[in-house]
Amino acid sequence: MATSQKAARLGEEVWKTRVDKVNAELVTLTYGTIVSQLCADYDNDYAQVNQQLDKMGYNIGMRLIEDFLAKSNTGRCGNFRDTAEMISKVGFKIFLNITPTVTNWTADNKQFSLLFDENPLADFVELPDDGRAQDELWFSNIFCGILRGALEMVQMSIEARFVSDVLRGNDVTEMRVTLIRYIEDEMPPDDE
Amino acid sequence: MGREVSESCVDGVVMEMVAAYCGRFYAAKPELAAGRIEAIGFQVGHQLSERYTMERPRFTDHLEAIKFICKDFWSELFKKQIDNLKTNHRGTFVLQDNHFRWLTRVSLDPAVENTDATENDSGSLGDSAAQTTSMLLYFPCGLIRGALTNLGIPCAVSADMSNLPACSFVVRIKT
Amino acid sequence: MPSPSSPPRAHGPTTSREQPPSIRRAPPSRCSRVNCRPADSAAPDQLPSGNMIVCVAVVGHQNNPLYLQSFTEADDALKLHHVVHCSLDVIDERVNNPKRSAPTLNETFLGLLYPTENYKVYGYLTNTKVKFLMVTTDLDVKDADARNFFRKFHAAYVDAVSNPFHVPGKKIASRSFGARVSTIVKSFGSGTVG
């Protein structure tokens with residue numbers, strides 16, 4: 001696909017020339033400690049932890065999008081398929097130097113999967129063996145919030161959730177992304 | 001060369017961590033928030049010191065370990081060394097970074113920016129911006145304390161930001 | 001199937017928390033080098049051929065056991081524990097009373113700690129005061145092979161303690177650490193690089 005190749009080249013170029021890079025360990029270990037700290041604070045209520053990670057990601061995404069737009073210098077995507085390519089080949093590339101694979105499109109082109117064959121946040125991680133973490137915790141849930149927050153700032157309402165994770169013993173780490181709707185410029189509803 | 005990520009990732013995660021612990025988790029209890037942020041820094045510093053001392057001989061004394069923090073450790077994290085190291089030769093060390101990266105790169109939430117932004121003389125911040133900054137600094141304090149503790153040097157670490165954009169970290173070794 | 005009794009705890013500062021009991025140490029007089037010979041019960045033929053490392057151990061700075069794995073079919077567990085205990089004494093001696101002439105004063109690789117009739121024990125002390133021990137039946141170990149072993153082992157250890165759910169000071173529970181150590185042990189002495 002022309003878009004995919006263009007996006008890949010753009011991502012590569014921005015990563016090489018316009019990104020200040022740093023050792024990944026600081027992010028990996030800081031994020032990991034935040035997750036494990038949340039697990040302790042919420043007494044291993046992993047559903048709560050997932051929620052908090054999503055919320056933190058949402059806030060980060062809202063700020064990260066400006067950095068993304070400034071560095072990638074791209075206009076609005078024509079359709080959701082183009083958006084997917086930008087997310088995987090530019091977004092993840094210029095921040096984490098990874099390019100998850102875009103796959104499993106639904107027929108209506110409103111839903112796709114991101115397959116992560118590498119994940120800097122999960123380096124060194126082994127989920128606790130308490131019989132529940134492997135079924136309930138989505139360690140990298142911050143990604144879902146980041147996508148949601150970032151895309152909301154460019155007029156897209158999406159839902160993102162993990163459906164499998166190698167940390168849980170699954171074969172792949174897969175996130176499912178769904179377009180809910182485009183946010184038109186509209187009068188905000190009356191505040192309650 | 002190990003894995004790399006963009007610096008804005010680090011900034012984003014660190015800033016959000018500070019905002020979350022100060023604004024949501026311990027909103028009315030800044031001391032608890034500070035303690036948590038420092039504790040997170042402590043664990044990360046602990047783990048980083050394990051990794052960054054892997055290929056080198058053991059330190060013979062406290063000064064060698066402190067110098068490691070000033071040079072190799074700081075370079076791995078902030079791509080520069082500590083600019084100035086002072087000691088009173090009685091267990092207190094002052095590590096000064098003239099241009100601490102996180103103070104210059106990390107943008108403070110515009111919503112909490114100080115009211116007297118118009119008279120921004122160098123070296124001073126408005127109240128709430130200063131508070132956010134001091135909260136943020138608990139993290140690198142924890143990093144230093146975690147690293148030194150893991151190297152067998154229990155200590156207390158505090159930050160002094162009276163001379164922005166320079167930032168000093170005061171290490172007091174516990175005897 | 002491992003079933004920990006309580007969920008992992010918060011990782012606050014590690015000072016003055018409950019510490020696992022230290023390895024019980026025999027009084028010095030009983031643990032002199034001369035006496036540190038394993039009982040002559042197990043026949044060496046029972047050891048699987050080609051696998052020359054029989055035991056590896058990780059011990060924390062308070063002599064708290066972090067990891068202990070034997071690689072022998074023979075019922076040597078008790079013997080190997082004894083060997084590990086004695087090694088800790090030797091390391092302490094070496095570190096606290098270094099020979100004035102020793103050029104390798106601060107090296108992490110401590111070299112041969114002591115030979116017994118059937119085993120050789122090699123030691124390694126990290127900057128973070130963690131001790132690695134390697135017990136081998138090979139009586140003709142090349143220095144380079146031992147160093148190489150510890151280098152790889154150290155890398156595996158660092159990754160294991162970088163797990164955010166690992167509690168400093170507690171035993172290493174990581175499965176991938178165990179698997180990695182097995183691989184390193186199996187490739188010992190075969191001359192493979194890296």
# chains A, B, ... in the order shown; residues from 1 in each chain; ligands from 1
call {"tool": "closest_atom_pairs", "arguments": {"of": "chain C", "to": "chain B", "cutoff": "8 Å", "atoms": "only C-alpha atoms", "output": "JSON lines"}}
result
{"residue": "C:His11", "atom": "CA", "partner": "B:Gln43", "partner_atom": "CA", "distance": 6.8}
{"residue": "C:Gly12", "atom": "CA", "partner": "B:Ala39", "partner_atom": "CA", "distance": 5.5}
{"residue": "C:Pro13", "atom": "CA", "partner": "B:Ala39", "partner_atom": "CA", "distance": 6.5}
{"residue": "C:Asn106", "atom": "CA", "partner": "B:Arg58", "partner_atom": "CA", "distance": 5.0}
{"residue": "C:Glu107", "atom": "CA", "partner": "B:Pro57", "partner_atom": "CA", "distance": 4.8}
{"residue": "C:Thr108", "atom": "CA", "partner": "B:Pro57", "partner_atom": "CA", "distance": 5.7}
{"residue": "C:Thr126", "atom": "CA", "partner": "B:Arg58", "partner_atom": "CA", "distance": 6.8}
{"residue": "C:Asn127", "atom": "CA", "partner": "B:Arg58", "partner_atom": "CA", "distance": 4.7}
{"residue": "C:Thr128", "atom": "CA", "partner": "B:Leu151", "partner_atom": "CA", "distance": 4.7}
{"residue": "C:Lys129", "atom": "CA", "partner": "B:Leu151", "partner_atom": "CA", "distance": 7.2}
{"residue": "C:His154", "atom": "CA", "partner": "B:Met54", "partner_atom": "CA", "distance": 7.2}
{"residue": "C:Ala155", "atom": "CA", "partner": "B:Met54", "partner_atom": "CA", "distance": 7.6}
{"residue": "C:Val158", "atom": "CA", "partner": "B:Arg51", "partner_atom": "CA", "distance": 5.9}
{"residue": "C:Val161", "atom": "CA", "partner": "B:Gln47", "partner_atom": "CA", "distance": 6.8}
{"residue": "C:Ser162", "atom": "CA", "partner": "B:Gln47", "partner_atom": "CA", "distance": 5.7}
call {"tool": "select_by_dssp", "arguments": {"residues": "region 56-139 of chain C", "states": "helix (DSSP H, G or I)", "output": "list in words"}}
result
Ala77, Leu78, Lys79, Leu80, His81, His82, Val83, Val84, His85, Cys86, Ser87, Leu88, Asp89, Val90, Ile91, Asp92, Glu93, Arg94, Val95 and Asn96 of chain C
call {"tool": "write_last_selection", "arguments": {"atoms": "C-alpha atoms", "output": "compact mmCIF listing (two decimals), in the first residue's frame"}}
result
# COMPACT_ATOMS: atom_id res chain seq x y z
CA ALA C 77 21.87 -31.17 47.56
CA LEU C 78 23.08 -31.11 51.15
CA LYS C 79 26.69 -31.37 50.12
CA LEU C 80 26.32 -28.51 47.65
CA HIS C 81 24.66 -26.33 50.24
CA HIS C 82 27.59 -26.96 52.52
CA VAL C 83 29.99 -26.06 49.76
CA VAL C 84 28.11 -22.82 49.15
CA HIS C 85 28.23 -21.94 52.86
CA CYS C 86 31.96 -22.40 53.01
CA SER C 87 32.43 -20.35 49.89
CA LEU C 88 30.78 -17.38 51.53
CA ASP C 89 33.38 -17.52 54.29
CA VAL C 90 36.13 -17.54 51.72
CA ILE C 91 34.67 -14.58 49.88
CA ASP C 92 34.35 -12.57 53.08
CA GLU C 93 37.94 -13.33 53.92
CA ARG C 94 39.18 -12.36 50.50
CA VAL C 95 37.26 -9.13 50.44
CA ASN C 96 37.96 -8.03 54.00
call {"tool": "interface_residues", "arguments": {"of": "chain A", "to": "chain B", "cutoff": "8 Å", "atoms": "only C-alpha atoms", "output": "PyMOL selection string"}}
result
chain A and resi 19-27+29-31+33-34+37+56+59-60+63-64+94-97+120
call {"tool": "atom_distance", "arguments": {"atom1": "CA of Val157 (chain B)", "atom2": "CA of Thr28 (chain A)"}}
result
23.3 Å
call {"tool": "select_by_dssp", "arguments": {"residues": "region 92-141 of chain A", "states": "strand (DSSP E or B)", "output": "PyMOL selection string"}}
result
chain A and resi 101-103+111-116
call {"tool": "closest_residue", "arguments": {"among": "A:Glu85, A:Asp130, A:Asp54, A:Glu174", "to": "chain C", "atoms": "only C-alpha atoms"}}
result
A:Asp130
call {"tool": "atom_distance", "arguments": {"atom1": "CA of Glu126 (chain A)", "atom2": "CA of Met175 (chain A)"}}
result
19.3 Å
call {"tool": "atom_distance", "arguments": {"atom1": "CA of Phe162 (chain A)", "atom2": "CA of Thr106 (chain A)"}}
result
16.6 Å
call {"tool": "residues_around", "arguments": {"residues": "Ala33 (chain B)", "least_positions_apart": "3", "cutoff": "6 Å", "atoms": "only C-alpha atoms", "output": "short mmCIF file (atom, residue, chain, number, x, y, z; two decimals) with all heavy atoms, in the first residue's frame"}}
result
data_model
loop_
_atom_site.label_atom_id
_atom_site.label_comp_id
_atom_site.auth_asym_id
_atom_site.auth_seq_id
_atom_site.Cartn_x
_atom_site.Cartn_y
_atom_site.Cartn_z
N TYR B 21 0.09 11.30 40.94
CA TYR B 21 0.25 11.13 42.38
C TYR B 21 -0.09 12.40 43.15
O TYR B 21 -0.63 12.35 44.24
CB TYR B 21 1.67 10.64 42.71
CG TYR B 21 1.79 9.15 42.58
CD1 TYR B 21 2.21 8.55 41.39
CD2 TYR B 21 1.41 8.31 43.62
CE1 TYR B 21 2.27 7.17 41.26
CE2 TYR B 21 1.47 6.93 43.49
CZ TYR B 21 1.89 6.37 42.32
OH TYR B 21 1.94 5.01 42.18
N CYS B 22 0.21 13.56 42.57
CA CYS B 22 -0.09 14.83 43.25
C CYS B 22 -1.56 15.21 43.09
O CYS B 22 -2.20 15.68 44.04
CB CYS B 22 0.75 15.96 42.69
SG CYS B 22 2.47 15.75 43.00
N TYR B 26 -3.03 11.33 45.73
CA TYR B 26 -2.82 11.90 47.06
C TYR B 26 -3.02 13.40 47.00
O TYR B 26 -2.20 14.17 47.46
CB TYR B 26 -1.40 11.59 47.55
CG TYR B 26 -1.14 10.11 47.76
CD1 TYR B 26 -0.38 9.39 46.84
CD2 TYR B 26 -1.68 9.44 48.84
CE1 TYR B 26 -0.16 8.04 47.01
CE2 TYR B 26 -1.45 8.08 49.02
CZ TYR B 26 -0.70 7.39 48.10
OH TYR B 26 -0.47 6.05 48.27
N PRO B 30 0.30 16.20 50.02
CA PRO B 30 1.53 16.30 49.22
C PRO B 30 2.70 15.51 49.79
O PRO B 30 3.54 15.02 49.02
CB PRO B 30 1.83 17.81 49.20
CG PRO B 30 0.95 18.42 50.23
CD PRO B 30 -0.20 17.51 50.43
N ARG B 36 5.76 8.75 47.63
CA ARG B 36 5.54 7.74 46.59
C ARG B 36 6.44 7.98 45.39
O ARG B 36 7.03 7.07 44.82
CB ARG B 36 4.09 7.79 46.12
CG ARG B 36 3.17 6.92 46.92
CD ARG B 36 3.49 5.44 46.72
NE ARG B 36 2.48 4.59 47.27
CZ ARG B 36 2.55 4.05 48.47
NH1 ARG B 36 3.59 4.26 49.22
NH2 ARG B 36 1.56 3.29 48.90
#
call {"tool": "closest_residue", "arguments": {"among": "C:Asn97, C:Ser174, C:Ser182, C:Gln62", "to": "chain A", "atoms": "only C-alpha atoms"}}
result
C:Ser174
call {"tool": "closest_residue", "arguments": {"among": "C:Tyr124, C:Phe150, C:Phe165, C:Phe188", "to": "chain A", "atoms": "only C-alpha atoms"}}
result
C:Phe165
call {"tool": "decode", "arguments": {"residues": "region 164-189 of chain A", "atoms": "N, CA, C and O atoms", "output": "short mmCIF file (atom, residue, chain, number, x, y, z; two decimals), in the first residue's frame"}}
result
data_model
loop_
_atom_site.label_atom_id
_atom_site.label_comp_id
_atom_site.auth_asym_id
_atom_site.auth_seq_id
_atom_site.Cartn_x
_atom_site.Cartn_y
_atom_site.Cartn_z
N SER A 164 -4.80 -9.77 23.78
CA SER A 164 -3.86 -10.81 24.20
C SER A 164 -2.51 -10.16 24.48
O SER A 164 -2.23 -9.04 24.04
N ASP A 165 -1.69 -10.86 25.26
CA ASP A 165 -0.40 -10.30 25.67
C ASP A 165 0.57 -11.43 25.97
O ASP A 165 0.22 -12.38 26.69
N VAL A 166 1.77 -11.36 25.39
CA VAL A 166 2.73 -12.43 25.62
C VAL A 166 3.09 -12.54 27.11
O VAL A 166 3.46 -13.61 27.59
N LEU A 167 2.94 -11.42 27.84
CA LEU A 167 3.23 -11.49 29.27
C LEU A 167 2.25 -12.42 29.99
O LEU A 167 2.53 -12.92 31.08
N ARG A 168 1.09 -12.62 29.36
CA ARG A 168 0.10 -13.51 29.95
C ARG A 168 0.29 -14.93 29.48
O ARG A 168 -0.51 -15.81 29.83
N GLY A 169 1.30 -15.14 28.64
CA GLY A 169 1.48 -16.48 28.11
C GLY A 169 0.83 -16.68 26.75
O GLY A 169 0.89 -17.77 26.18
N ASN A 170 0.20 -15.61 26.22
CA ASN A 170 -0.38 -15.73 24.88
C ASN A 170 0.71 -15.72 23.82
O ASN A 170 1.85 -15.36 24.10
N ASP A 171 0.33 -16.12 22.60
CA ASP A 171 1.32 -16.17 21.53
C ASP A 171 1.73 -14.79 21.04
O ASP A 171 2.87 -14.59 20.63
N VAL A 172 0.77 -13.88 21.05
CA VAL A 172 1.06 -12.54 20.54
C VAL A 172 0.53 -11.48 21.49
O VAL A 172 -0.31 -11.77 22.35
N THR A 173 1.04 -10.27 21.32
CA THR A 173 0.48 -9.13 22.03
C THR A 173 -0.33 -8.34 21.02
O THR A 173 0.22 -7.80 20.06
N GLU A 174 -1.65 -8.32 21.22
CA GLU A 174 -2.53 -7.74 20.21
C GLU A 174 -3.48 -6.73 20.85
O GLU A 174 -4.12 -7.01 21.86
N MET A 175 -3.54 -5.54 20.22
CA MET A 175 -4.47 -4.50 20.67
C MET A 175 -5.52 -4.30 19.58
O MET A 175 -5.18 -4.23 18.40
N ARG A 176 -6.73 -4.21 19.99
CA ARG A 176 -7.82 -4.02 19.03
C ARG A 176 -8.25 -2.55 19.09
O ARG A 176 -8.52 -2.02 20.16
N VAL A 177 -8.30 -1.89 17.95
CA VAL A 177 -8.64 -0.46 17.89
C VAL A 177 -9.90 -0.29 17.07
O VAL A 177 -9.98 -0.76 15.93
N THR A 178 -10.87 0.42 17.65
CA THR A 178 -12.16 0.61 16.97
C THR A 178 -12.49 2.09 16.83
O THR A 178 -12.39 2.84 17.81
N LEU A 179 -12.88 2.49 15.64
CA LEU A 179 -13.33 3.86 15.44
C LEU A 179 -14.78 3.96 15.87
O LEU A 179 -15.64 3.24 15.35
N ILE A 180 -15.03 4.83 16.83
CA ILE A 180 -16.41 5.04 17.26
C ILE A 180 -17.07 6.04 16.33
O ILE A 180 -18.11 5.78 15.73
N ARG A 181 -16.45 7.21 16.22
CA ARG A 181 -16.96 8.22 15.29
C ARG A 181 -15.94 9.34 15.12
O ARG A 181 -15.04 9.50 15.94
N TYR A 182 -16.11 10.08 14.05
CA TYR A 182 -15.34 11.31 13.90
C TYR A 182 -16.06 12.39 14.69
O TYR A 182 -17.27 12.49 14.67
N ILE A 183 -15.26 13.20 15.38
CA ILE A 183 -15.84 14.27 16.19
C ILE A 183 -15.92 15.51 15.34
O ILE A 183 -14.91 16.12 15.00
N GLU A 184 -17.17 15.88 14.95
CA GLU A 184 -17.33 17.08 14.13
C GLU A 184 -17.21 18.29 15.03
O GLU A 184 -17.49 18.24 16.22
N ASP A 185 -16.89 19.42 14.44
CA ASP A 185 -16.94 20.67 15.21
C ASP A 185 -18.38 20.95 15.54
O ASP A 185 -19.20 21.18 14.67
N GLU A 186 -18.71 20.89 16.79
CA GLU A 186 -20.11 21.09 17.17
C GLU A 186 -20.14 21.91 18.44
O GLU A 186 -19.15 22.01 19.18
N MET A 187 -21.27 22.48 18.69
CA MET A 187 -21.42 23.23 19.94
C MET A 187 -21.32 22.27 21.09
O MET A 187 -21.94 21.20 21.05
N PRO A 188 -20.54 22.58 22.10
CA PRO A 188 -20.45 21.68 23.24
C PRO A 188 -21.82 21.60 23.93
O PRO A 188 -22.55 22.60 23.95
N PRO A 189 -22.14 20.45 24.45
CA PRO A 189 -23.43 20.33 25.15
C PRO A 189 -23.42 21.23 26.38
O PRO A 189 -22.37 21.60 26.88
#
